[in-house]
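J.: Can you keep this structure in mind? I'll have questions shortly.
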Amino acid sequence: MATTILTAEGATRRTETTAKATYAPLVVLALAQIGTSSDSAAMNLATASLVGTLGATLDDIQMATTLFSLIAGAFMIAGGLIGVTIGLRRTLAIGLSLAALGEITAALSPAIFSFTWGGRVVTGLGVCLVTPSVLGLVAALYQGRQRAIAFGTIAGAAALSTLSPLILGIVMDSSGFRLTFAIMAAYFVVVLCCARLIPRTPASGGHTHFDVAGTVVAALGMGLVLFGVAHLSDWGIASPQKLCPFTLCGLPPTLPAIVVGLVLLGLLVPTERRAQRRGNPLIPRAFVTSPSVRAGLSAVALPFFYMGAVGILATPYLQLVTGFTALQTGMLSLLSGIPMFLLATFLPKLAPHLSSRLIIRVGFIAIACACGLMALGVHAHGVTAALFAGMALGGFGVGAVNSQSNNAVACAVTRKEAEQSGGIQGAARSIGLALGTALAGTFLLLTMAGGFASQAASAGIDQSYVAPAAETASTLMSDSAFSDEARTWGADAAQVDKLVDVKASAQADAMRLSFGALGLLMAAGLLTTRHLVETAAPRAEQDKAKARRPR
């Protein structure tokens, strides 16, 4: 059996590399992080251009988006193991090369098929290597306060990418998706050229067999879970919806996919026990058994759950109900993006002695309060300033948690496991984002439909109009759009007014309930913080006092 061995020579080289590390490599890592986040923004903006240029349907675009997310989530953990096996810098270079290749393939695609199965698949594979390498290199190159600052910078870079839709949107509107994705390809090439600034780190597992069994089981399990979760809102849970393409014994495939995926993930336990004995586990034992690591991963995942939920709740409501344009909605993202960037980037540098556990707890409290403000800011026919205040407060909360969470995971494990943790942390991000988007969207649709049915019964609406109205009750719509829809059913003016009022009230109530439930979940995140590793730098005064104590 092969065993992972880190030679004394390799350990020496690793120590020397860390000692000589400056913040110059961190700039390259931050640029790589911005690139992977901006790619998702480019895809979100490309809908109209893909429809007009390639004749894509909304189902085609959803497939491209879902496929990318599935690949990125399913193989992210394997990316971390590849990094410590062949070297993190080499893995980063391969990932950046794949990302550039995927972007240029997307830009040159003659049809949506090649765009999806060529461009998005290859880019997704690249992201699977880039994200774990970025987080792993931070753990490999920096220690102590430097590591805390470096992780905060990477979190700040992810927040800074919220500004990319403003720039990419201008290019997309003026020149279409081809130039936009070509620019992204050029960006990844530039970052790839700059990767030479990153010191080479020796491969920790260069003489081990790769954990193929664990990788296959984890990829299938994660892929099926994310596939099922991503389609909960549009395919249905217990009964198939209109968009459901097929059924399994009368059920939509969402829950069966999730169940099978969870069973496969359960099989990882014995699979990884065998891999642990060989010295090359996909998921080291500490990531399953250590309460400190589990608490850190929860702190990584929950802010992304929140961001996914807010993205599926606030953005559609602002655009579809209140009439905000895409540019106006993008500008509003600055309310959360700027404080998120400032706190994630500068808090570890300006307040290194402040308790990291306290910062994360305050962050969760701020996010929970932000959800309450956003719930108060939703009204039947629009929004108030409380919604925007909540978005800003949520940005502060996410920035605070993200400034400490990655370092909390890295400090809870050994040096080698910290370098490998990038893939597991990246998977936690992907899972959090996917769950937040899917569960919040599903909760909103179910509560809208139920709220409309209960209110319509007591509003004196003619029963002949209740049935067609119920079919659109789970769709966010403006008053004017729903009014036009109601007139096609033959409803008179009085009935139209009642239908519009009930619909507006039901969707506003559903939004408030959704934000309230999200706030409760974020507040429950406080329960996971008890076992967090304290990463704050000790104060000089405390060190001197300890030194003066009699032994």
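Identifiers in the structure tokens: chain A, B, ... in order shown; residue index from 1 per chain; ligand index from 1 in order shown.
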Just want the 7 Å neighbourhood of range 173-189 of chain A, counted on only C-alpha atoms, with same-chain residues fewer than 2 positions away dropped. Output as a ChimeraX atom specification.
T.: /A:35,46,49-50,96,99-101,103-104,106-108,168-171,191-193
J.: Near range 381-385 of chain A, within 7 Å and counting only C-alpha atoms, which residues show up once chain neighbours fewer than 4 positions away are dropped, as a list in words?
T.: Thr322, Gly377, Ala389 and Ala504 of chain A
J.: For range 281-298 of chain A, please output as a short mmCIF file (atom, residue, chain, number, x, y, z; two decimals) with C-alpha atoms, in the first residue's frame all residues within 7 Å (counting only C-alpha atoms; exclusion window: fewer than 2 positions along the same chain).
T.:
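Below you can see around_16.cif, which holds the result:
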```cif
data_model
loop_
_atom_site.label_atom_id
_atom_site.label_comp_id
_atom_site.auth_asym_id
_atom_site.auth_seq_id
_atom_site.Cartn_x
_atom_site.Cartn_y
_atom_site.Cartn_z
CA ALA A 78 -11.24 16.41 -5.67
CA LEU A 81 -6.69 16.50 -3.26
CA ASP A 211 -8.21 8.38 -4.10
CA GLY A 214 -13.61 8.48 -2.94
CA THR A 215 -13.59 10.96 -5.81
CA GLU A 272 -12.50 7.20 3.25
CA ALA A 275 -8.18 5.72 1.96
CA GLN A 276 -7.04 7.12 5.32
CA GLY A 279 -2.57 7.99 3.43
CA VAL A 300 -18.08 29.10 5.50
CA ALA A 301 -21.37 27.73 4.13
CA LEU A 302 -24.02 29.81 5.93
CA SER A 405 -14.30 31.58 8.56
CA ALA A 408 -10.96 29.10 11.32
CA VAL A 409 -11.01 25.93 9.23
CA ALA A 412 -8.26 23.65 13.14
CA VAL A 413 -6.29 21.07 11.13
CA GLN A 425 -14.26 24.79 1.77
CA ALA A 428 -19.12 24.11 1.37
CA THR A 528 -22.49 26.21 15.60
CA THR A 529 -19.95 28.78 16.84
CA HIS A 531 -16.51 24.95 18.88
CA LEU A 532 -14.84 27.48 16.57
CA VAL A 533 -11.07 27.75 16.86
#
```
J.: For Gly395 in chain A, work out the shell of residues within 9 Å, counting only C-alpha atoms and skipping chain neighbours fewer than 6 positions away, then give it as a PyMOL selection string.
T.: chain A and resi 335-341+343+366-367+370
J.: Write to file, as a short mmCIF file (atom, residue, chain, number, x, y, z; two decimals), in the first residue's frame, the residues of the selection just made, with N, CA and C atoms.
T.:
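Done, and the output landed in part05.cif:
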```cif
data_model
loop_
_atom_site.label_atom_id
_atom_site.label_comp_id
_atom_site.auth_asym_id
_atom_site.auth_seq_id
_atom_site.Cartn_x
_atom_site.Cartn_y
_atom_site.Cartn_z
N LEU A 335 -24.88 48.08 -2.18
CA LEU A 335 -25.24 48.27 -0.78
C LEU A 335 -24.69 47.14 0.09
N SER A 336 -24.68 45.93 -0.44
CA SER A 336 -24.13 44.81 0.31
C SER A 336 -22.68 44.52 -0.08
N GLY A 337 -22.34 44.75 -1.36
CA GLY A 337 -21.00 44.41 -1.83
C GLY A 337 -19.90 45.25 -1.20
N ILE A 338 -20.13 46.54 -1.04
CA ILE A 338 -19.09 47.42 -0.49
C ILE A 338 -18.78 47.09 0.97
N PRO A 339 -19.78 47.03 1.87
CA PRO A 339 -19.43 46.65 3.26
C PRO A 339 -18.87 45.24 3.36
N MET A 340 -19.34 44.34 2.50
CA MET A 340 -18.81 42.99 2.50
C MET A 340 -17.32 43.01 2.17
N PHE A 341 -16.96 43.78 1.16
CA PHE A 341 -15.55 43.90 0.76
C PHE A 341 -14.72 44.55 1.85
N LEU A 343 -15.17 44.89 5.19
CA LEU A 343 -14.97 44.12 6.41
C LEU A 343 -14.12 42.87 6.16
N ALA A 366 -25.91 40.12 12.82
CA ALA A 366 -26.17 41.17 11.84
C ALA A 366 -26.96 40.63 10.65
N ILE A 367 -26.62 39.44 10.18
CA ILE A 367 -27.34 38.84 9.05
C ILE A 367 -28.78 38.56 9.43
N ALA A 370 -30.61 41.72 9.52
CA ALA A 370 -30.81 42.19 8.15
C ALA A 370 -32.02 41.53 7.51
#
```
J.: Counting only C-alpha atoms, which of A:Gln241, A:Leu224, A:Asp479, A:Cys128 gets nearest to Leu262 in chain A?
T.: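 Answer, going by the shortest atom-to-atom distance: A:Leu224.
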J.: For range 184-295 of chain A versus range 130-145 of chain A, which residues have an atom no more than 10 Å away, and what is each residue's nearest atom pair and distance in Å rounded to one decimal, using only C-alpha atoms, chain-then-number order, as a tab-separated table?
T.:
```
residue	atom	partner	partner_atom	distance
A:Ile198	CA	A:Leu137	CA	8.7
A:Pro199	CA	A:Leu141	CA	8.1
A:Arg200	CA	A:Leu141	CA	9.5
A:Thr201	CA	A:Ala140	CA	7.5
A:Pro202	CA	A:Ala140	CA	9.8
```
J.: Any chance you could export the current selection's N, CA, C and O atoms as a PDB file, in the first residue's frame?
T.:
```pdb
ATOM      1  N   ILE A 198       3.919  33.292  -7.782  1.00  0.00           N
ATOM      2  CA  ILE A 198       3.593  32.460  -6.629  1.00  0.00           C
ATOM      3  C   ILE A 198       4.722  31.457  -6.401  1.00  0.00           C
ATOM      4  O   ILE A 198       5.112  30.749  -7.329  1.00  0.00           O
ATOM      5  N   PRO A 199       5.263  31.382  -5.196  1.00  0.00           N
ATOM      6  CA  PRO A 199       6.330  30.398  -4.939  1.00  0.00           C
ATOM      7  C   PRO A 199       5.825  28.983  -5.141  1.00  0.00           C
ATOM      8  O   PRO A 199       4.657  28.681  -4.891  1.00  0.00           O
ATOM      9  N   ARG A 200       6.706  28.119  -5.591  1.00  0.00           N
ATOM     10  CA  ARG A 200       6.347  26.719  -5.790  1.00  0.00           C
ATOM     11  C   ARG A 200       6.269  26.024  -4.437  1.00  0.00           C
ATOM     12  O   ARG A 200       7.153  26.169  -3.590  1.00  0.00           O
ATOM     13  N   THR A 201       5.207  25.294  -4.207  1.00  0.00           N
ATOM     14  CA  THR A 201       5.069  24.502  -2.985  1.00  0.00           C
ATOM     15  C   THR A 201       5.226  23.038  -3.335  1.00  0.00           C
ATOM     16  O   THR A 201       4.653  22.570  -4.321  1.00  0.00           O
ATOM     17  N   PRO A 202       5.993  22.289  -2.557  1.00  0.00           N
ATOM     18  CA  PRO A 202       6.197  20.867  -2.877  1.00  0.00           C
ATOM     19  C   PRO A 202       4.918  20.081  -2.732  1.00  0.00           C
ATOM     20  O   PRO A 202       4.083  20.375  -1.881  1.00  0.00           O
TER      21      PRO A 202
END
```
J.: So that I can check the surroundings of Phe324 in chain A, please list as a ChimeraX atom specification every protein, DNA and RNA residue that reaches within 12 Å of it, counting only C-alpha atoms and ignoring chain neighbours fewer than 6 positions away.
T.: /A:314-318,330-332,382-383,478
J.: Please, could you write that set of residues out with all heavy atoms as a short mmCIF file (atom, residue, chain, number, x, y, z; two decimals), in the first residue's frame?
T.:
```cif
data_model
loop_
_atom_site.label_atom_id
_atom_site.label_comp_id
_atom_site.auth_asym_id
_atom_site.auth_seq_id
_atom_site.Cartn_x
_atom_site.Cartn_y
_atom_site.Cartn_z
N ALA A 314 -34.85 38.75 -3.22
CA ALA A 314 -34.89 40.20 -3.40
C ALA A 314 -34.80 40.62 -4.87
O ALA A 314 -35.58 41.48 -5.32
CB ALA A 314 -33.76 40.85 -2.60
N THR A 315 -33.89 40.03 -5.61
CA THR A 315 -33.68 40.48 -7.00
C THR A 315 -34.92 40.28 -7.87
O THR A 315 -35.36 41.22 -8.55
CB THR A 315 -32.47 39.76 -7.61
OG1 THR A 315 -31.31 40.06 -6.83
CG2 THR A 315 -32.24 40.22 -9.04
N PRO A 316 -35.55 39.09 -7.90
CA PRO A 316 -36.76 38.96 -8.70
C PRO A 316 -37.90 39.85 -8.23
O PRO A 316 -38.67 40.36 -9.04
CB PRO A 316 -37.13 37.47 -8.54
CG PRO A 316 -35.86 36.80 -8.18
CD PRO A 316 -35.12 37.79 -7.34
N TYR A 317 -38.03 40.05 -6.91
CA TYR A 317 -39.11 40.90 -6.42
C TYR A 317 -38.91 42.34 -6.89
O TYR A 317 -39.86 43.01 -7.31
CB TYR A 317 -39.16 40.86 -4.89
CG TYR A 317 -40.45 41.42 -4.31
CD1 TYR A 317 -41.57 40.62 -4.20
CD2 TYR A 317 -40.53 42.75 -3.90
CE1 TYR A 317 -42.75 41.13 -3.68
CE2 TYR A 317 -41.70 43.26 -3.37
CZ TYR A 317 -42.82 42.46 -3.27
OH TYR A 317 -44.00 42.97 -2.76
N LEU A 318 -37.67 42.81 -6.80
CA LEU A 318 -37.40 44.18 -7.24
C LEU A 318 -37.65 44.35 -8.74
O LEU A 318 -38.21 45.36 -9.18
CB LEU A 318 -35.95 44.55 -6.91
CG LEU A 318 -35.63 44.76 -5.43
CD1 LEU A 318 -34.14 44.93 -5.22
CD2 LEU A 318 -36.37 45.98 -4.88
N GLY A 330 -28.43 46.06 -10.19
CA GLY A 330 -26.98 45.91 -10.06
C GLY A 330 -26.38 47.00 -9.18
O GLY A 330 -25.48 46.73 -8.38
N MET A 331 -26.88 48.21 -9.31
CA MET A 331 -26.40 49.30 -8.46
C MET A 331 -26.73 49.02 -6.99
O MET A 331 -25.94 49.32 -6.10
CB MET A 331 -27.02 50.61 -8.90
CG MET A 331 -26.58 51.10 -10.27
SD MET A 331 -24.81 51.52 -10.33
CE MET A 331 -24.79 52.98 -9.30
N LEU A 332 -27.90 48.42 -6.76
CA LEU A 332 -28.27 48.13 -5.38
C LEU A 332 -27.37 47.07 -4.75
O LEU A 332 -27.24 47.00 -3.53
CB LEU A 332 -29.73 47.65 -5.32
CG LEU A 332 -30.80 48.74 -5.52
CD1 LEU A 332 -32.18 48.12 -5.58
CD2 LEU A 332 -30.72 49.77 -4.40
N GLY A 382 -44.83 47.25 -3.40
CA GLY A 382 -43.50 47.83 -3.55
C GLY A 382 -42.63 47.54 -2.35
O GLY A 382 -42.87 46.60 -1.59
N VAL A 383 -41.60 48.35 -2.17
CA VAL A 383 -40.65 48.17 -1.08
C VAL A 383 -40.37 49.53 -0.44
O VAL A 383 -40.65 50.58 -1.03
CB VAL A 383 -39.32 47.55 -1.57
CG1 VAL A 383 -39.54 46.14 -2.08
CG2 VAL A 383 -38.67 48.41 -2.64
N SER A 478 -45.88 41.85 -11.38
CA SER A 478 -46.29 43.21 -11.03
C SER A 478 -47.81 43.31 -11.09
O SER A 478 -48.49 42.45 -11.66
CB SER A 478 -45.66 44.21 -12.00
OG SER A 478 -46.18 44.03 -13.30
#
```
J.: One decimal, in Å: what's the spacing between CA of Gly372 in chain A and CA of Gly519 in chain A?
T.: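 Computing it gives 6.4 Å between the two atoms.
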J.: Write out as JSON, numbers by chain all residues of range 450-527 of chain A that backbone DSSP assigns to alpha helix (DSSP H).
T.: {"A": [450, 451, 452, 453, 454, 455, 456, 457, 463, 464, 465, 466, 467, 468, 469, 470, 471, 479, 480, 481, 482, 483, 484, 485, 486, 487, 493, 494, 495, 496, 497, 498, 499, 500, 501, 502, 503, 504, 505, 506, 507, 508, 509, 510, 511, 512, 513, 514, 515, 516, 517, 518, 519, 520, 521, 522, 523, 524]}
J.: If we count only C-alpha atoms, what is near Ala410 in chain A at a cut-off of 8 Å, once residues fewer than 6 positions away on the same chain are taken out, given as JSON, numbers by chain?
T.: {"A": [139, 417, 418, 419, 421]}
J.: Write out as a list in words the residues lying within 9 Å of Val122 in chain A, counting only C-alpha atoms and excluding same-chain residues fewer than 2 positions away.
T.: Phe68, Leu98, Ala99, Ala100, Leu101, Gly102, Glu103, Thr105, Trp117, Gly118, Gly119, Arg120, Gly124, Leu125, Gly126 and Val127 of chain A
J.: Could you tell me how far CA of Arg273 in chain A lies from CA of Asn406 in chain A, in Å and to one decimal?
T.: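 Between these atoms lies a distance of 25.3 Å.
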J.: To one decimal in Å, tell me the separation between CA of Phe482 in chain A and CA of Ser505 in chain A.
T.: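 A separation of 12.7 Å between them.
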J.: Which residue is closest to Met172 in chain A? Choose from A:Ala230, A:Met43, A:Val27, A:Gly266 and count only C-alpha atoms.
T.: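 Among A:Ala230, A:Met43, A:Val27, A:Gly266, it is A:Met43 that comes nearest to Met172 in chain A.
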